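To start, the structure itself, in C-alpha cells.
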Amino acid sequence: MKEGRIIKVSGPLVVAEGMDNANVYDVVEVSENKLVGEIIEMRGDRASIQVYEDTTGIGPGEIVVSKGHPLSIELGPGILESMFDGIQRPLDQLKNVAGDFLVKGVSVLALNREKKWDFLPIRKVGEEVIAGDIIGTVQETTVIKHKIMVPYGIQGVITSIRGGSYTVDEVVAIVKDQDKEYELSMIQRWPVRIGRPYKKKLDPKQPLVTGQRVIDTFFPVAKGGTAAIPGPFGSGKTVVQHQLAKWADAQIVVYVGCGERGNEMTDVLKEFPELEDPTTGQSLMKRTVLIANTSNMPVAAREASIYTGITIAEYYRDMGYSVALMADSTSRWAEALREMSGRLEEMPGDEGYPAYLASRVADFYERAGRVICNGFEEKEGALTVIGAVSPPGGDISEPVSQATLRIVKVFWGLDYALSYARHFPAINWLNSYSLYQTKMDAYFDEHVNEKFSKNRIRAMSLLQEESGLQEIVRLVGRDALSEADQLKLEITKSIREDFLQQNAFHEIDTYCSLEKQMRMLDLILHFYDKAKAALDAKIYLSEILALPVRERIARSKNIPEDQLQEFNLIFVALDEEVKDLMEKGGVDHA
C-alpha cells in the first residue's frame, strides 16, 4: 500500500502527492477517517481522487493510502431484498451503526458474514470446471435460486466439494489446476467499471413484456435491449420506471435511484415489499435489488451507483436469468461527471459536460444484451437496460439525451402536455419509436394473435391521421369535416383514452397482459369497421356514437385477466346493436 499526502481539497475532489506507485481507478482511503475514494487522474506522482463521502474538515497534509485495487463490489447470496448506497454499503446496516444520517468513514461489509446459507452442490469431485460454471445453488429468497459460479480466471478439476450450511466467506469447494489450488467460497468480487465477460452476444428476439399497453403494443423493448425515457420534470418518468420494475417479466430487477429525491426512493421502499409479484404471488422485493444514491448524498458516489447497479445485474445475468436494470436518472449521473470534470479543470464540451460524456454513456448501455454465458454448459441470460433522462426544460437536443438516443434502440418520449392533461403514461405516440418493432411484430403474431401487428399498424396510422385532422379542426372547426373524418376522430379518441391511457394506481388497469391488449385494440378497431359500414348505409354518425356498447368498450380496460371471455360478449353486443341500427335506420331513412 502506498501512502501520500493531501495538497488540495475541492469539494469531493482531493489531490494528493507522493502517489507515484498508485494507478488510475485504484481505491484509496482518505485521511484518518478512512473516507472511500477512487483515483480518477494521475499526473506524475499527483493523484486526483474523487471521494465518495463528505470531505468537510479534510485539509492539506492528511494522509491518503492506496488499496492497490479498483473499485469492486461483493457478489454472492444476500444481494436480493437489499438496499445499497452507490458504493454497495447496505443502508440498513449503516443505519444500525451510524443512525439516520451518513457519518464519515463508516465501513460496513456489503454481504452478511454471519448468516448461514444452505449450499447444495450440483458438481462432483473429479469434474472439470471453468469460469462461469455453476457448482452449486443456494435458495436466496423464496422465488430465486442463487447459483454459485466458478469465479473469472479459475479453471481446473474439483478436488473437494461439500454441501451444508455455510457463511458466504467459508470454503465450499476446492479446484486444482496443475500445481495451483483455488479455494472457492460463495462470494466473489468484481471491478464495477469492467463489464463481466460472456461467450457470445445474441440477437434480441423476445419482448420484455411490461404490462403497459403503449409500450408493449406500440413501442416494445426486447429482452437484452436498451431503452430511454426522456422527459421534463413532472411528466411521469419515475412512475413509468416504477411500473416497469413492478410488472416487467424479468426474473431479477435492479433499480438504481441515481440522484433521485429522497421521497421518491421512500415510495419505492414502501411500495415494493407490499406489492405482489404477478408471476410468483410473493413480494416483489424477493427478486429486487435497490441502489439508492439520493440527491443529498455525496455527488461522486452518484457516478459509481450506475456501475454498481449494472455489475450486480450482469452477475445475475451470468446465472442464466433475465434481468432488468432501471436507471433513474442518467442525467444526474452525467451531472456528477460534469461536476468532477470541472473540478479537474478539464476542457469542457457541449454545455459544460466532459468531452467523454458520449463514450461513457455508450459504455454503460453496451453492457446490456442477450448472451450465452461463460461455462461448459449452455446458459442464456439477458440484461435489459432502461434509463430515464431528465433534460432541462424537456429539451431533448441537450447532450445527455442526444448521447443516449445515439445508443439506445427504444425511445419513449414523455410529453408534458399529455401529463398536464392527466394522460398517463405520458408517452407521445407520434415521436416515440422502437427499432425492435419488426422482430417483436413477428413474435406477437406467432405467440399472441396473427392480427396483432396489423392492428398495431392500423391504430398507429389512425393516430397519425388524427394529428392532421386536428390541424383542420383548429382552423375551421369540427363541423367542416366529413362524417367519415369525424368518426376517425372519435375512434382515435377511443384509442388514446381507452387503450393508451392506463391507471398505474388501479388494481386491474395497472397491468395488462398481451392477450388483453390484443382484445382491447381489436374491439376498438372492430367498432370502427362496423361504424364505417353503418355510415355507408346512410346511418347518422350521432346515432352510431350513441350506441350503448360504446360505454362497455370504454370500460373494457377494467375487465380482470381471468374474465377475458367478457370481450366475446362485447363483440356480440356490438354486432347486434349495429345490425339493429342499420335495420331500423334503413326504414327511418327511406
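If you're wondering about the labels, chains in the C-alpha cells are A, B, ... by order shown, residues count from 1 in each chain, ligands from 1 in order shown.
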Which residues are near stretch 448-457 of chain A? Cut-off 10 Å, only C-alpha atoms, ignore same chain within fewer than 6 positions. Put them as a list in words.
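What passes the distance filter is Thr217, Phe218, Gln437, Thr438, Met440, Asp441, Ala442, Leu463, Leu514, Glu515, Lys516, Gln517, Met518, Arg519, Leu521, Asp522, Ile524, Leu525 and His526 of chain A.
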Could you write those residues out with all heavy atoms, as a short mmCIF file (atom, residue, chain, number, x, y, z; two decimals), in the first residue's frame?
```cif
data_model
loop_
_atom_site.label_atom_id
_atom_site.label_comp_id
_atom_site.auth_asym_id
_atom_site.auth_seq_id
_atom_site.Cartn_x
_atom_site.Cartn_y
_atom_site.Cartn_z
N THR A 217 -47.55 -2.80 -27.02
CA THR A 217 -48.18 -2.85 -28.33
C THR A 217 -47.50 -1.94 -29.34
O THR A 217 -47.25 -2.33 -30.48
CB THR A 217 -49.68 -2.47 -28.23
OG1 THR A 217 -50.33 -3.40 -27.36
CG2 THR A 217 -50.35 -2.52 -29.59
N PHE A 218 -47.17 -0.72 -28.92
CA PHE A 218 -46.67 0.27 -29.89
C PHE A 218 -45.15 0.42 -29.91
O PHE A 218 -44.58 0.60 -30.98
CB PHE A 218 -47.32 1.63 -29.60
CG PHE A 218 -48.75 1.72 -30.03
CD1 PHE A 218 -49.78 1.36 -29.18
CD2 PHE A 218 -49.08 2.13 -31.31
CE1 PHE A 218 -51.09 1.41 -29.57
CE2 PHE A 218 -50.41 2.19 -31.72
CZ PHE A 218 -51.42 1.82 -30.85
N GLN A 437 -39.11 -3.21 -33.51
CA GLN A 437 -40.51 -3.41 -33.89
C GLN A 437 -40.73 -4.60 -34.81
O GLN A 437 -41.63 -5.42 -34.60
CB GLN A 437 -41.06 -2.14 -34.54
CG GLN A 437 -42.57 -2.12 -34.67
CD GLN A 437 -43.26 -1.93 -33.34
OE1 GLN A 437 -43.19 -0.87 -32.76
NE2 GLN A 437 -43.93 -2.97 -32.86
N THR A 438 -39.91 -4.74 -35.84
CA THR A 438 -40.11 -5.82 -36.82
C THR A 438 -40.00 -7.18 -36.16
O THR A 438 -40.85 -8.06 -36.38
CB THR A 438 -39.08 -5.71 -37.96
OG1 THR A 438 -39.16 -4.39 -38.53
CG2 THR A 438 -39.34 -6.73 -39.04
N MET A 440 -40.31 -7.85 -32.95
CA MET A 440 -41.37 -8.01 -31.95
C MET A 440 -42.71 -8.32 -32.62
O MET A 440 -43.51 -9.11 -32.11
CB MET A 440 -41.50 -6.76 -31.08
CG MET A 440 -40.26 -6.41 -30.26
SD MET A 440 -39.68 -7.75 -29.20
CE MET A 440 -38.29 -8.40 -30.14
N ASP A 441 -42.97 -7.70 -33.79
CA ASP A 441 -44.21 -7.99 -34.54
C ASP A 441 -44.29 -9.47 -34.88
O ASP A 441 -45.34 -10.10 -34.74
CB ASP A 441 -44.27 -7.15 -35.82
CG ASP A 441 -44.74 -5.71 -35.55
OD1 ASP A 441 -45.21 -5.45 -34.43
OD2 ASP A 441 -44.65 -4.88 -36.47
N ALA A 442 -43.17 -10.01 -35.35
CA ALA A 442 -43.14 -11.43 -35.71
C ALA A 442 -43.42 -12.30 -34.48
O ALA A 442 -44.16 -13.29 -34.57
CB ALA A 442 -41.78 -11.79 -36.31
N LEU A 463 -53.85 7.23 -35.65
CA LEU A 463 -53.35 8.28 -34.75
C LEU A 463 -52.58 9.35 -35.52
O LEU A 463 -52.65 10.54 -35.20
CB LEU A 463 -52.46 7.66 -33.66
CG LEU A 463 -53.19 6.84 -32.60
CD1 LEU A 463 -52.20 6.04 -31.76
CD2 LEU A 463 -54.04 7.74 -31.70
N LEU A 514 -50.68 -9.35 -22.70
CA LEU A 514 -50.65 -9.21 -24.16
C LEU A 514 -51.98 -9.65 -24.77
O LEU A 514 -52.47 -9.04 -25.72
CB LEU A 514 -49.51 -10.04 -24.75
CG LEU A 514 -48.09 -9.55 -24.47
CD1 LEU A 514 -47.06 -10.55 -25.00
CD2 LEU A 514 -47.85 -8.17 -25.08
N GLU A 515 -52.58 -10.71 -24.23
CA GLU A 515 -53.86 -11.21 -24.74
C GLU A 515 -54.94 -10.14 -24.58
O GLU A 515 -55.72 -9.87 -25.49
CB GLU A 515 -54.24 -12.48 -23.99
CG GLU A 515 -55.58 -13.07 -24.38
CD GLU A 515 -55.63 -13.59 -25.81
OE1 GLU A 515 -54.58 -14.01 -26.34
OE2 GLU A 515 -56.73 -13.54 -26.39
N LYS A 516 -54.96 -9.50 -23.41
CA LYS A 516 -55.97 -8.46 -23.16
C LYS A 516 -55.71 -7.24 -24.04
O LYS A 516 -56.65 -6.62 -24.56
CB LYS A 516 -55.95 -8.08 -21.68
CG LYS A 516 -57.05 -7.07 -21.30
CD LYS A 516 -57.04 -6.80 -19.80
CE LYS A 516 -58.00 -5.69 -19.44
NZ LYS A 516 -57.98 -5.37 -18.00
N GLN A 517 -54.42 -6.87 -24.22
CA GLN A 517 -54.09 -5.74 -25.09
C GLN A 517 -54.60 -6.00 -26.50
O GLN A 517 -55.17 -5.11 -27.14
CB GLN A 517 -52.56 -5.52 -25.12
CG GLN A 517 -52.00 -5.04 -23.79
CD GLN A 517 -50.49 -4.85 -23.84
OE1 GLN A 517 -49.95 -4.36 -24.82
NE2 GLN A 517 -49.81 -5.23 -22.78
N MET A 518 -54.39 -7.23 -26.97
CA MET A 518 -54.84 -7.61 -28.32
C MET A 518 -56.37 -7.46 -28.43
O MET A 518 -56.88 -6.87 -29.38
CB MET A 518 -54.40 -9.05 -28.59
CG MET A 518 -55.09 -9.71 -29.76
SD MET A 518 -54.72 -8.93 -31.33
CE MET A 518 -56.11 -9.51 -32.30
N ARG A 519 -57.08 -7.96 -27.43
CA ARG A 519 -58.56 -7.93 -27.49
C ARG A 519 -59.10 -6.51 -27.39
O ARG A 519 -60.07 -6.16 -28.06
CB ARG A 519 -59.13 -8.79 -26.37
CG ARG A 519 -58.84 -10.28 -26.53
CD ARG A 519 -59.67 -11.11 -25.58
NE ARG A 519 -59.32 -12.52 -25.67
CZ ARG A 519 -60.15 -13.51 -25.39
NH1 ARG A 519 -61.39 -13.23 -25.02
NH2 ARG A 519 -59.78 -14.76 -25.47
N LEU A 521 -57.61 -3.63 -28.35
CA LEU A 521 -57.39 -2.90 -29.59
C LEU A 521 -58.25 -3.47 -30.71
O LEU A 521 -58.80 -2.71 -31.54
CB LEU A 521 -55.90 -2.95 -29.97
CG LEU A 521 -55.44 -1.99 -31.05
CD1 LEU A 521 -55.77 -0.54 -30.68
CD2 LEU A 521 -53.93 -2.12 -31.30
N ASP A 522 -58.39 -4.77 -30.74
CA ASP A 522 -59.22 -5.42 -31.76
C ASP A 522 -60.68 -4.96 -31.63
O ASP A 522 -61.36 -4.73 -32.64
CB ASP A 522 -59.13 -6.94 -31.60
CG ASP A 522 -59.55 -7.68 -32.86
OD1 ASP A 522 -59.28 -7.17 -33.97
OD2 ASP A 522 -60.14 -8.77 -32.75
N ILE A 524 -61.79 -2.04 -30.38
CA ILE A 524 -61.92 -0.65 -30.83
C ILE A 524 -61.94 -0.58 -32.36
O ILE A 524 -62.76 0.12 -32.97
CB ILE A 524 -60.78 0.21 -30.26
CG1 ILE A 524 -60.91 0.32 -28.73
CG2 ILE A 524 -60.76 1.61 -30.88
CD1 ILE A 524 -59.69 0.91 -28.04
N LEU A 525 -61.03 -1.35 -33.00
CA LEU A 525 -60.95 -1.32 -34.47
C LEU A 525 -62.16 -2.02 -35.09
O LEU A 525 -62.61 -1.63 -36.18
CB LEU A 525 -59.65 -1.99 -34.93
CG LEU A 525 -58.37 -1.23 -34.55
CD1 LEU A 525 -57.13 -2.03 -34.93
CD2 LEU A 525 -58.33 0.15 -35.22
N HIS A 526 -62.71 -3.02 -34.41
CA HIS A 526 -63.92 -3.70 -34.90
C HIS A 526 -65.09 -2.72 -34.88
O HIS A 526 -65.90 -2.69 -35.82
CB HIS A 526 -64.22 -4.92 -34.03
CG HIS A 526 -65.36 -5.76 -34.53
ND1 HIS A 526 -65.32 -6.44 -35.73
CD2 HIS A 526 -66.59 -6.02 -33.99
CE1 HIS A 526 -66.45 -7.07 -35.91
NE2 HIS A 526 -67.25 -6.85 -34.87
#
```
For stretch 547-551 of chain A, find every residue with an atom within 10 Å (counting only C-alpha atoms), except residues of its own chain fewer than 2 positions away, and show them as a list in words.
Ser494, Ile524, Phe527, Ser542, Glu543, Ile544, Leu545, Ile553, Ala554, Arg555, Ser556, Ile570, Phe571, Val572, Ala573, Leu574, Asp575, Glu576, Glu577, Val578 and Leu581 of chain A
If you keep N, CA and C atoms, can you produce a file of those selected residues as an mmCIF file, in the first residue's frame?
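Written output follows (selection.cif):
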```
data_model
loop_
_atom_site.group_PDB
_atom_site.id
_atom_site.type_symbol
_atom_site.label_atom_id
_atom_site.label_comp_id
_atom_site.auth_asym_id
_atom_site.auth_seq_id
_atom_site.Cartn_x
_atom_site.Cartn_y
_atom_site.Cartn_z
ATOM 1 N N SER A 494 -60.886 7.166 -28.740
ATOM 2 C CA SER A 494 -61.062 5.908 -28.012
ATOM 3 C C SER A 494 -59.726 5.184 -27.850
ATOM 4 N N ILE A 524 -61.794 -2.041 -30.377
ATOM 5 C CA ILE A 524 -61.920 -0.647 -30.828
ATOM 6 C C ILE A 524 -61.940 -0.578 -32.360
ATOM 7 N N PHE A 527 -65.162 -1.912 -33.822
ATOM 8 C CA PHE A 527 -66.217 -0.893 -33.766
ATOM 9 C C PHE A 527 -66.049 0.097 -34.923
ATOM 10 N N SER A 542 -74.201 10.539 -35.334
ATOM 11 C CA SER A 542 -74.658 10.755 -33.953
ATOM 12 C C SER A 542 -75.376 9.523 -33.412
ATOM 13 N N GLU A 543 -76.106 8.812 -34.293
ATOM 14 C CA GLU A 543 -76.806 7.596 -33.862
ATOM 15 C C GLU A 543 -75.811 6.472 -33.565
ATOM 16 N N ILE A 544 -74.770 6.385 -34.394
ATOM 17 C CA ILE A 544 -73.750 5.345 -34.179
ATOM 18 C C ILE A 544 -73.027 5.575 -32.858
ATOM 19 N N LEU A 545 -72.661 6.853 -32.609
ATOM 20 C CA LEU A 545 -71.902 7.178 -31.399
ATOM 21 C C LEU A 545 -72.756 7.061 -30.141
ATOM 22 N N ILE A 553 -67.140 -0.684 -24.279
ATOM 23 C CA ILE A 553 -65.804 -0.663 -24.892
ATOM 24 C C ILE A 553 -64.855 0.182 -24.034
ATOM 25 N N ALA A 554 -65.343 1.341 -23.591
ATOM 26 C CA ALA A 554 -64.517 2.235 -22.774
ATOM 27 C C ALA A 554 -64.125 1.586 -21.452
ATOM 28 N N ARG A 555 -65.024 0.762 -20.905
ATOM 29 C CA ARG A 555 -64.770 0.136 -19.602
ATOM 30 C C ARG A 555 -64.075 -1.218 -19.716
ATOM 31 N N SER A 556 -63.740 -1.638 -20.932
ATOM 32 C CA SER A 556 -63.130 -2.966 -21.102
ATOM 33 C C SER A 556 -61.760 -3.059 -20.444
ATOM 34 N N ILE A 570 -68.944 -8.574 -25.550
ATOM 35 C CA ILE A 570 -68.993 -7.188 -26.063
ATOM 36 C C ILE A 570 -68.980 -7.194 -27.587
ATOM 37 N N PHE A 571 -68.176 -8.089 -28.201
ATOM 38 C CA PHE A 571 -68.159 -8.215 -29.665
ATOM 39 C C PHE A 571 -69.558 -8.553 -30.188
ATOM 40 N N VAL A 572 -70.206 -9.531 -29.536
ATOM 41 C CA VAL A 572 -71.548 -9.952 -29.949
ATOM 42 C C VAL A 572 -72.533 -8.798 -29.808
ATOM 43 N N ALA A 573 -72.477 -8.100 -28.664
ATOM 44 C CA ALA A 573 -73.383 -6.971 -28.420
ATOM 45 C C ALA A 573 -73.162 -5.869 -29.452
ATOM 46 N N LEU A 574 -71.893 -5.617 -29.804
ATOM 47 C CA LEU A 574 -71.565 -4.589 -30.803
ATOM 48 C C LEU A 574 -72.187 -4.938 -32.150
ATOM 49 N N ASP A 575 -71.991 -6.186 -32.582
ATOM 50 C CA ASP A 575 -72.539 -6.615 -33.878
ATOM 51 C C ASP A 575 -74.066 -6.488 -33.898
ATOM 52 N N GLU A 576 -74.701 -6.897 -32.798
ATOM 53 C CA GLU A 576 -76.171 -6.871 -32.750
ATOM 54 C C GLU A 576 -76.700 -5.439 -32.738
ATOM 55 N N GLU A 577 -76.062 -4.556 -31.969
ATOM 56 C CA GLU A 577 -76.538 -3.167 -31.879
ATOM 57 C C GLU A 577 -76.381 -2.438 -33.215
ATOM 58 N N VAL A 578 -75.266 -2.674 -33.900
ATOM 59 C CA VAL A 578 -75.071 -2.025 -35.199
ATOM 60 C C VAL A 578 -76.041 -2.604 -36.223
ATOM 61 N N LEU A 581 -79.423 -1.145 -35.591
ATOM 62 C CA LEU A 581 -79.443 0.259 -36.000
ATOM 63 C C LEU A 581 -79.585 0.367 -37.520
#
```
Shell around A:Phe119 at 10 Å using only C-alpha atoms, local window under 2 positions removed, as a ChimeraX atom specification:
/A:116-117,121-122,135-139,146-148,162-168,172,186
Between atom CA of A:Ile310 and atom CA of A:Glu366, distance in Å (one decimal):
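Calculated distance between atom CA of A:Ile310 and atom CA of A:Glu366 is 10.8 Å.
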Which residues come within 6 Å of A:Val150, counting only C-alpha atoms, excluding same-chain residues fewer than 4 positions away, as a short mmCIF file (atom, residue, chain, number, x, y, z; two decimals) with all heavy atoms, in the first residue's frame?
```cif
data_model
loop_
_atom_site.label_atom_id
_atom_site.label_comp_id
_atom_site.auth_asym_id
_atom_site.auth_seq_id
_atom_site.Cartn_x
_atom_site.Cartn_y
_atom_site.Cartn_z
N ALA A 131 -14.39 -21.03 -15.61
CA ALA A 131 -15.06 -19.83 -15.11
C ALA A 131 -16.49 -19.75 -15.64
O ALA A 131 -16.73 -19.93 -16.83
CB ALA A 131 -14.28 -18.59 -15.51
N GLY A 132 -17.43 -19.49 -14.75
CA GLY A 132 -18.83 -19.37 -15.14
C GLY A 132 -19.64 -20.61 -14.89
O GLY A 132 -20.89 -20.56 -14.88
N ASP A 133 -18.98 -21.75 -14.68
CA ASP A 133 -19.72 -23.00 -14.40
C ASP A 133 -20.40 -22.90 -13.04
O ASP A 133 -19.83 -22.38 -12.07
CB ASP A 133 -18.78 -24.20 -14.42
CG ASP A 133 -18.56 -24.73 -15.82
OD1 ASP A 133 -19.44 -24.52 -16.66
OD2 ASP A 133 -17.52 -25.35 -16.08
#
```
Residues of stretch 226-463 of chain A in strand (DSSP E or B), written as a PyMOL selection string
chain A and resi 226-230+252-258+276+283+288-293+322-328+348+354+369-372+380-389+410-411+414+427+433-434
Might you pull out every residue within 9 Å of A:Cys512, with only C-alpha atoms counted and same-chain residues fewer than 3 positions away left off, and present them as an mmCIF file with C-alpha atoms, in the first residue's frame?
```
data_model
loop_
_atom_site.group_PDB
_atom_site.id
_atom_site.type_symbol
_atom_site.label_atom_id
_atom_site.label_comp_id
_atom_site.auth_asym_id
_atom_site.auth_seq_id
_atom_site.Cartn_x
_atom_site.Cartn_y
_atom_site.Cartn_z
ATOM 1 C CA THR A 210 -44.195 -4.823 -19.247
ATOM 2 C CA GLY A 211 -47.986 -4.896 -18.964
ATOM 3 C CA GLN A 212 -48.084 -1.272 -20.165
ATOM 4 C CA ARG A 213 -50.187 -1.073 -23.348
ATOM 5 C CA ILE A 508 -56.816 -4.071 -12.521
ATOM 6 C CA ASP A 509 -55.682 -1.462 -15.050
ATOM 7 C CA GLU A 515 -53.859 -11.206 -24.742
ATOM 8 C CA LYS A 516 -55.965 -8.464 -23.158
ATOM 9 C CA GLN A 517 -54.086 -5.740 -25.090
ATOM 10 C CA LYS A 557 -59.790 -1.937 -19.577
ATOM 11 C CA GLU A 561 -57.371 -11.003 -16.532
#
```
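Checking A:Glu377, A:Asp328, A:Glu471, A:Glu271 one by one against A:Ala228, counting only C-alpha atoms, you find the shortest gap at A:Asp328.
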Residue with smallest distance to A:Ser322 - pool A:Pro191, A:Pro207, A:Gly375, A:Pro12, counting only C-alpha atoms
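Going through A:Pro191, A:Pro207, A:Gly375, A:Pro12 one by one, the smallest distance to A:Ser322 is for A:Pro207.
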Identify, on the basis of only C-alpha atoms, every residue whose closest approach to A:Gly393 does not exceed 10 Å; exclude the query and any residue fewer than 3 positions from it along the same chain; express the result as an MDAnalysis selection string.
chainID A and resid 231:233 390 396 398 416
Residues within 8 Å of A:Ala313, please, as a ChimeraX atom specification. Count only C-alpha atoms; anything in the same chain fewer than 2 positions from it doesn't count.
/A:252-254,309-311,315-317,323-325,383
Could you dump the residues just selected with N, CA, C and O atoms as a PDB file, in the first residue's frame?
```pdb
ATOM      1  N   ILE A 252     -35.190 -10.892 -12.407  1.00  0.00           N
ATOM      2  CA  ILE A 252     -34.494 -10.063 -11.406  1.00  0.00           C
ATOM      3  C   ILE A 252     -34.635  -8.607 -11.827  1.00  0.00           C
ATOM      4  O   ILE A 252     -34.497  -8.283 -13.014  1.00  0.00           O
ATOM      5  N   VAL A 253     -34.884  -7.721 -10.871  1.00  0.00           N
ATOM      6  CA  VAL A 253     -34.959  -6.288 -11.153  1.00  0.00           C
ATOM      7  C   VAL A 253     -33.925  -5.560 -10.298  1.00  0.00           C
ATOM      8  O   VAL A 253     -33.834  -5.792  -9.089  1.00  0.00           O
ATOM      9  N   VAL A 254     -33.116  -4.721 -10.938  1.00  0.00           N
ATOM     10  CA  VAL A 254     -32.171  -3.856 -10.222  1.00  0.00           C
ATOM     11  C   VAL A 254     -32.618  -2.418 -10.474  1.00  0.00           C
ATOM     12  O   VAL A 254     -32.667  -1.971 -11.617  1.00  0.00           O
ATOM     13  N   GLY A 309     -24.857  -0.862  -9.916  1.00  0.00           N
ATOM     14  CA  GLY A 309     -26.116  -1.497 -10.310  1.00  0.00           C
ATOM     15  C   GLY A 309     -25.952  -2.432 -11.491  1.00  0.00           C
ATOM     16  O   GLY A 309     -26.454  -3.565 -11.470  1.00  0.00           O
ATOM     17  N   ILE A 310     -25.220  -1.994 -12.512  1.00  0.00           N
ATOM     18  CA  ILE A 310     -25.136  -2.831 -13.724  1.00  0.00           C
ATOM     19  C   ILE A 310     -24.227  -4.035 -13.500  1.00  0.00           C
ATOM     20  O   ILE A 310     -24.424  -5.095 -14.104  1.00  0.00           O
ATOM     21  N   THR A 311     -23.259  -3.932 -12.585  1.00  0.00           N
ATOM     22  CA  THR A 311     -22.410  -5.086 -12.270  1.00  0.00           C
ATOM     23  C   THR A 311     -23.214  -6.163 -11.545  1.00  0.00           C
ATOM     24  O   THR A 311     -23.085  -7.356 -11.838  1.00  0.00           O
ATOM     25  N   TYR A 315     -24.112  -9.976 -12.960  1.00  0.00           N
ATOM     26  CA  TYR A 315     -23.838 -11.166 -12.145  1.00  0.00           C
ATOM     27  C   TYR A 315     -25.031 -12.129 -12.194  1.00  0.00           C
ATOM     28  O   TYR A 315     -24.860 -13.341 -12.406  1.00  0.00           O
ATOM     29  N   TYR A 316     -26.240 -11.591 -12.050  1.00  0.00           N
ATOM     30  CA  TYR A 316     -27.425 -12.459 -12.121  1.00  0.00           C
ATOM     31  C   TYR A 316     -27.698 -12.909 -13.561  1.00  0.00           C
ATOM     32  O   TYR A 316     -28.201 -14.012 -13.790  1.00  0.00           O
ATOM     33  N   ARG A 317     -27.351 -12.060 -14.523  1.00  0.00           N
ATOM     34  CA  ARG A 317     -27.467 -12.484 -15.936  1.00  0.00           C
ATOM     35  C   ARG A 317     -26.589 -13.703 -16.189  1.00  0.00           C
ATOM     36  O   ARG A 317     -26.988 -14.640 -16.898  1.00  0.00           O
ATOM     37  N   VAL A 323     -32.690 -10.220 -16.580  1.00  0.00           N
ATOM     38  CA  VAL A 323     -32.551  -9.132 -15.607  1.00  0.00           C
ATOM     39  C   VAL A 323     -32.946  -7.813 -16.258  1.00  0.00           C
ATOM     40  O   VAL A 323     -32.643  -7.577 -17.433  1.00  0.00           O
ATOM     41  N   ALA A 324     -33.652  -6.974 -15.505  1.00  0.00           N
ATOM     42  CA  ALA A 324     -33.981  -5.624 -15.983  1.00  0.00           C
ATOM     43  C   ALA A 324     -33.358  -4.611 -15.037  1.00  0.00           C
ATOM     44  O   ALA A 324     -33.529  -4.702 -13.818  1.00  0.00           O
ATOM     45  N   LEU A 325     -32.614  -3.668 -15.602  1.00  0.00           N
ATOM     46  CA  LEU A 325     -31.998  -2.598 -14.817  1.00  0.00           C
ATOM     47  C   LEU A 325     -32.714  -1.292 -15.118  1.00  0.00           C
ATOM     48  O   LEU A 325     -32.834  -0.891 -16.277  1.00  0.00           O
ATOM     49  N   LEU A 383     -29.839  -9.060 -20.153  1.00  0.00           N
ATOM     50  CA  LEU A 383     -29.823  -7.856 -19.320  1.00  0.00           C
ATOM     51  C   LEU A 383     -30.412  -6.713 -20.134  1.00  0.00           C
ATOM     52  O   LEU A 383     -29.853  -6.304 -21.156  1.00  0.00           O
TER      53      LEU A 383
END
```
If I take atom CA of A:Val65 and atom CA of A:Ile40, how far is one from the other in Å, to one decimal?
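So the answer is 14.7 Å.
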For a quick check of understanding, using only C-alpha atoms, which of A:Val299, A:Ile539, A:Val27, A:Ala16 has the smallest distance to A:Val192?
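Once distances to A:Val192 are computed over only C-alpha atoms, the minimum belongs to A:Val27.
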Could you tell me how far atom CA of A:Pro77 sits from atom CA of A:Lys104, in Å to one decimal place?
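Taking atom CA of A:Lys104 and atom CA of A:Pro77, their separation equals 27.6 Å.
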